[in-house]
Amino acid sequence: MKIRTRFAPSPTGKMHVGNLRTALYEFLIAKHEDGDFILRIEDTDQERYVEGAVDIIYRTMEKTGLLHDEGPDKDKGFGPYVQSERQKSGIYLKYAKELIEKGEAYYCFCDKERLAGLKSVVSEDEDGEAKEITKYDKHCLHLGKEEIAANLAAGKPYVIRQNMPMTGTTSFTDAIYGTITVENEELDDMILIKSDGFPTYNFANVVDDHLMGITHVVRGNEYLSSTPKYTRLYHAFGWEEPVYVHCPLITNEEHKKLAKRSGHSSFEDLLEQGFVTEAIVNFITLLGWSPAGNEEILSLGELIKEFDYHTISKSPAVFDMQKLRWMNSEYIKRMDDAAYYAAAMPYIDSAVRRDCDKKLIADLVKTRIETFCDIAGLVDFFEELPEYSVEMFTHKKMKTNSENSLEVLKELLPRFEALDDYSVAGVEGLLTGYIAEKGIKNGQGLWPVRTAVSGKQSTPGGAYEIMHILGKDESLRRIRLAVEKLEGSLA
RNA sequence: GGCCAGUUGGUCAAGCGGCUAAGACGUCGCCCUCUCACGGCGAAAACAGGGGUUCGAUUCCCCUACUGGCUGCCA
C-alpha cells in the first residue's frame, strides 16, 4: 500500500523547529517509499489563529523543499485541506453524532462553573502554584433522551464528549516506543465537538486522517499520552488505525522544551541569524535520528534515500547551537561561487562601504564564518582602522617587537610609495623581495605590515590581500600612522 | 499527586548477550602557516544506581533515582 503522511500544523505563528522536524520526518517517510505527503491546516482553534501564519507555513515548506502532493492550494484529492473549511459541511458533527448513536459519545451541557467545581488541588509545585486535576464525572452521560432533546431545542450550549469505559485497558503500538497499555479509568471523557461547533484537534485529527487515508501518523511524543484516546476513537468507528510514529522531543540546553525565548526556536529565527536553509534542514533531521553511515552532511535527496523511521531514537535531543553553527559552516564552504557571492555580498556591502575588491573579501571570509552574520565582525577593519596598541607589534613567535617593526615599516614606506601595482601579486612581490633582501623571516616582515594596515591581532587574509583591498592611499595612510605610533611610543 | 515515556562522554549518537564501547560537534595538543581560519594528525572524555537471568551483561527482567511529557471547550 502506498504510504501517505500528512503535516498538520496549526496556524498560530512562527514555524517552530519541532514542527519543522515533524514535517521533515513525515516528508521523508513518505518520499523514502515514493508515497504521498499531504498538507492539512488545523485551524479549529479560533482563539489562537494568527493572521499570516498560513503563509509562513507555505513559505517554509517551499523554502525547505518539503513540497506536498496534496494540500489546500491544490485542487485535487479529497479537499478541502483546511479544517475550518471542512467544518462548514458539518462533517465532524456528523461523525460525532454517529458515535453518540453507538453510545461512544454523548452530549454534555455542563457549564464552566460546574466543571470548575470538579477540580481538586492535588499538589503544589516549587513556585507554590497549585496543580489541579479534573476528570469529568460523566454527569451528562446519564441525561434522559427527553432532557437532551429539550436542552437542544432550547438552544442550550453543549459539547460532545467521548464516552470512555470505566474498566479494562487500551493498547496501541507505536513504531518507535512499542506497545503501550493504559487503564481505561485513566482516560478522561475528552471533548470532541466544542460549544462553538468546531471539533477539537483530537477529534478532527482522527476523522481527517481516516478520510484522507493517512497510513503513518507522525507527531511529537507529547501526544503519546493521548494516543489511547485516539485508539478508542478508531475502534469506535471501526476504522483501521494508522502506524504511529512518535518522535522524541527537542529541548534546549537546559533539557526543557524549546521555548520562544531561547531565540532559536523557530525556522525564521534561524534564518535571521544567518543560517542557510539546507543546513537547518540537515541539522534538524539529525535531532532524533542518525544515518547508518558516518557521513552527516546530507542533502534532502540523500536524506530521502537514507531515512528509515524505524531507527528514530526514543530519547529527547538537545538543540546544540554549536553543532548547527559547524554544520552551517560546512554548507557555506560547499556553496558554489554564484550562490555564495549572492548570499555573502549583502553582508559585505553593508559592512564595507569603501569601493574595493569585495569578491576577494568574500573569498577570504568564506572559510572563516559559521553564519553570514559573522562577516560584519571580521571585515570591519577594512572600513575603519580600529584603535590599537603598539603592543600588538610585539609577537614572540614572529620574533618582532616595536623596534624592528618600526625599522621594517620605515624601510618599506618609500617602497610602497613608489609602488603602483597594488594587486595582490604586486604587493606580494614587493614584500617577498624585501624579506629576501634583508634575510629575515616572513613573520618578521609581514607581521608589522599586517598589523599596521589592519590594527587587528587576526584578520581574514594576510598583508598582501589586505593592502590590495585597501588600495594604495589607505594602505600608505595606515602605515604612516603606525610609524608615528611606534615613534611616539619609543621616544 | 496520577499516568506514560526516557536515561551510552559536555552535546548529537552507533551498539541490539562476548567489542580495546564507533563516528560527529565542542574542548585540548601537534603540523601547516605572515595572523585568524581552512586542511592534516592525535588526545582527554560515557554505558544513572542496585538487584536478578546467564558461563558472560551497555544490551534481557525487576526495583530505585533522576529527567521529560500529559493531566485544557490548545494543539
# chains A, B, ... in the order shown; residues from 1 in each chain; ligands from 1
>>> interface_residues(of="chain B", to="chain A", cutoff="8 Å", atoms="only C-alpha atoms (C1' of nucleotides)", output="list in words")
G1, C3, C4, G6, U7, U11, C12, A13, G23, A24, C25, G26, C34, U35, C36, A37, C38, G68, G69, C70, U71, C73, C74 and A75 of chain B
>>> residues_around(residues="stretch 419-421 of chain A", least_positions_apart="2", cutoff="12 Å", atoms="only C-alpha atoms (C1' of nucleotides)", output="PyMOL selection string")
chain A and resi 412-417+423-431+464+467-468+471-473+475-476
>>> select_by_dssp(residues="stretch 18-141 of chain A", states="strand (DSSP E)", output="list in words")
Asp36, Phe37, Ile38, Leu39, Ala105, Tyr106, Tyr107, Cys108, Ser120, Val121, Val122, Ser123, Glu124, Ala130, Lys131, Glu132 and Ile133 of chain A
>>> select_by_dssp(residues="stretch 218-462 of chain A", states="helix (DSSP H, G or I)", output="JSON, numbers by chain")
{"A": [221, 222, 223, 224, 225, 226, 227, 228, 229, 230, 231, 232, 233, 234, 235, 236, 237, 260, 261, 262, 267, 268, 269, 270, 271, 272, 277, 278, 279, 280, 281, 282, 283, 284, 285, 300, 301, 302, 303, 304, 305, 306, 309, 310, 311, 321, 322, 323, 324, 325, 326, 327, 328, 329, 330, 331, 332, 333, 334, 337, 338, 339, 340, 341, 342, 343, 344, 345, 346, 347, 348, 349, 350, 351, 358, 359, 360, 361, 362, 363, 364, 365, 366, 372, 373, 374, 375, 376, 377, 378, 379, 380, 381, 382, 383, 390, 391, 392, 393, 402, 403, 404, 405, 406, 407, 408, 409, 410, 411, 412, 413, 414, 415, 416, 417, 418, 424, 425, 426, 427, 428, 429, 430, 431, 432, 433, 434, 435, 436, 437, 438, 442, 443, 444, 445, 446, 447, 448, 449, 450, 451, 452, 453, 454]}
>>> write_last_selection(atoms="C-alpha atoms", output="compact mmCIF listing (two decimals), in the first residue's frame")
# COMPACT_ATOMS: atom_id res chain seq x y z
CA ASN A 221 5.82 12.43 21.73
CA GLU A 222 3.83 14.89 23.79
CA TYR A 223 0.91 13.11 22.12
CA LEU A 224 1.90 9.72 23.41
CA SER A 225 -0.34 10.05 26.45
CA SER A 226 -3.39 10.96 24.46
CA THR A 227 -2.97 8.32 21.81
CA PRO A 228 -5.03 5.70 23.68
CA LYS A 229 -7.98 8.05 23.30
CA TYR A 230 -7.45 8.12 19.57
CA THR A 231 -7.23 4.38 19.55
CA ARG A 232 -10.62 4.20 21.19
CA LEU A 233 -11.97 6.56 18.58
CA TYR A 234 -10.68 4.41 15.73
CA HIS A 235 -12.15 1.33 17.36
CA ALA A 236 -15.46 3.05 17.99
CA PHE A 237 -15.73 3.93 14.32
CA LYS A 260 10.28 31.03 22.30
CA ARG A 261 12.77 32.86 24.44
CA SER A 262 15.66 30.60 23.53
CA PHE A 267 12.87 28.50 11.45
CA GLU A 268 12.51 32.24 10.95
CA ASP A 269 14.78 32.98 13.92
CA LEU A 270 17.43 30.74 12.46
CA LEU A 271 17.29 32.36 9.03
CA GLU A 272 17.60 35.73 10.65
CA THR A 277 18.11 26.57 4.87
CA GLU A 278 19.82 23.35 3.81
CA ALA A 279 21.97 23.31 6.94
CA ILE A 280 18.94 23.84 9.15
CA VAL A 281 17.11 21.01 7.44
CA ASN A 282 20.11 18.72 7.68
CA PHE A 283 20.72 19.53 11.31
CA ILE A 284 17.13 19.20 12.44
CA THR A 285 16.80 15.83 10.78
CA LEU A 300 17.41 16.47 1.23
CA GLY A 301 17.71 13.99 -1.62
CA GLU A 302 20.23 11.91 0.30
CA LEU A 303 18.08 12.07 3.40
CA ILE A 304 15.14 10.72 1.44
CA LYS A 305 17.28 7.81 0.34
CA GLU A 306 18.70 7.06 3.77
CA TYR A 309 11.85 5.86 10.58
CA HIS A 310 12.35 2.62 12.44
CA THR A 311 15.66 3.96 13.69
CA MET A 321 23.63 25.56 18.54
CA GLN A 322 27.34 24.84 18.38
CA LYS A 323 26.88 21.92 16.06
CA LEU A 324 24.39 23.77 13.90
CA ARG A 325 26.98 26.51 13.50
CA TRP A 326 29.58 23.98 12.44
CA MET A 327 27.20 22.35 10.01
CA ASN A 328 26.28 25.73 8.60
CA SER A 329 29.96 26.48 8.03
CA GLU A 330 30.25 23.23 6.12
CA TYR A 331 27.37 24.26 3.90
CA ILE A 332 28.90 27.66 3.31
CA LYS A 333 32.21 26.11 2.35
CA ARG A 334 30.49 23.84 -0.11
CA ASP A 337 30.62 30.71 -6.28
CA ALA A 338 27.39 32.10 -7.63
CA ALA A 339 25.33 31.05 -4.66
CA TYR A 340 27.98 32.05 -2.19
CA TYR A 341 28.59 35.52 -3.56
CA ALA A 342 24.88 36.15 -3.80
CA ALA A 343 24.42 35.21 -0.17
CA ALA A 344 27.52 36.90 1.22
CA MET A 345 27.59 40.18 -0.71
CA PRO A 346 24.74 41.91 1.08
CA TYR A 347 26.52 41.35 4.37
CA ILE A 348 29.83 42.60 2.97
CA ASP A 349 28.26 45.61 1.31
CA SER A 350 26.68 46.75 4.50
CA ALA A 351 29.88 46.28 6.49
CA LYS A 358 34.75 42.77 -2.48
CA LYS A 359 34.92 39.50 -4.24
CA LEU A 360 38.28 38.93 -2.63
CA ILE A 361 36.83 39.85 0.74
CA ALA A 362 34.14 37.28 0.18
CA ASP A 363 36.74 34.68 -0.71
CA LEU A 364 38.82 35.45 2.34
CA VAL A 365 35.91 35.23 4.67
CA LYS A 366 34.44 32.03 3.28
CA PHE A 372 26.71 35.06 7.40
CA CYS A 373 26.18 37.25 10.41
CA ASP A 374 29.81 36.60 11.36
CA ILE A 375 31.01 38.58 8.37
CA ALA A 376 30.50 42.02 9.85
CA GLY A 377 32.80 41.36 12.78
CA LEU A 378 35.56 40.08 10.52
CA VAL A 379 35.69 42.79 7.93
CA ASP A 380 35.02 45.92 9.95
CA PHE A 381 38.69 46.96 9.84
CA PHE A 382 38.52 47.41 6.08
CA GLU A 383 36.03 50.16 6.64
CA VAL A 390 51.66 49.33 19.84
CA GLU A 391 51.97 46.23 21.98
CA MET A 392 50.45 44.43 19.07
CA PHE A 393 53.67 44.80 17.14
CA SER A 402 58.30 47.73 18.42
CA GLU A 403 61.88 48.49 17.43
CA ASN A 404 62.23 46.20 14.48
CA SER A 405 58.63 46.76 13.43
CA LEU A 406 59.39 50.47 13.20
CA GLU A 407 62.51 49.73 11.23
CA VAL A 408 60.69 47.46 8.80
CA LEU A 409 57.84 49.90 8.27
CA LYS A 410 60.16 52.87 7.77
CA GLU A 411 62.18 51.00 5.18
CA LEU A 412 59.06 49.74 3.44
CA LEU A 413 57.23 53.07 3.37
CA PRO A 414 59.18 54.67 0.48
CA ARG A 415 58.97 51.44 -1.49
CA PHE A 416 55.21 51.31 -1.07
CA GLU A 417 55.03 54.96 -2.03
CA ALA A 418 56.85 54.14 -5.23
CA VAL A 424 47.85 41.02 -4.52
CA ALA A 425 50.75 39.82 -6.64
CA GLY A 426 52.19 43.31 -6.81
CA VAL A 427 52.25 43.77 -3.05
CA GLU A 428 53.48 40.24 -2.58
CA GLY A 429 56.34 40.80 -5.00
CA LEU A 430 57.49 43.87 -3.16
CA LEU A 431 57.29 42.27 0.26
CA THR A 432 58.90 38.94 -0.58
CA GLY A 433 61.63 40.84 -2.35
CA TYR A 434 62.24 42.94 0.73
CA ILE A 435 62.24 39.94 3.04
CA ALA A 436 64.69 38.05 0.86
CA GLU A 437 66.91 41.08 0.58
CA LYS A 438 67.02 41.55 4.35
CA ASN A 442 58.46 36.01 6.73
CA GLY A 443 56.85 36.80 10.05
CA GLN A 444 59.36 39.49 10.87
CA GLY A 445 58.49 41.37 7.75
CA LEU A 446 54.85 40.55 7.37
CA TRP A 447 53.61 40.81 10.93
CA PRO A 448 54.40 44.52 11.26
CA VAL A 449 52.79 45.28 7.94
CA ARG A 450 49.67 43.28 8.56
CA THR A 451 49.30 44.82 11.99
CA ALA A 452 49.81 48.33 10.65
CA VAL A 453 47.20 48.06 7.91
CA SER A 454 44.62 46.19 9.93
>>> closest_residue(among="B:C60, B:C47, B:C55, B:C32", to="B:C16", atoms="only C-alpha atoms (C1' of nucleotides)")
B:C60
>>> residues_around(residues="stretch 90-105 of chain A", least_positions_apart="6", cutoff="6 Å", atoms="only C-alpha atoms (C1' of nucleotides)", output="list in words")
Arg161, Gln162 and Asn163 of chain A
>>> closest_residue(among="B:A5, B:G49, B:C41, B:U58", to="B:C19", atoms="only C-alpha atoms (C1' of nucleotides)")
B:U58
>>> closest_residue(among="A:Gly13, A:Arg40, A:Cys108, A:Ser84", to="A:Asp208", atoms="only C-alpha atoms")
A:Arg40
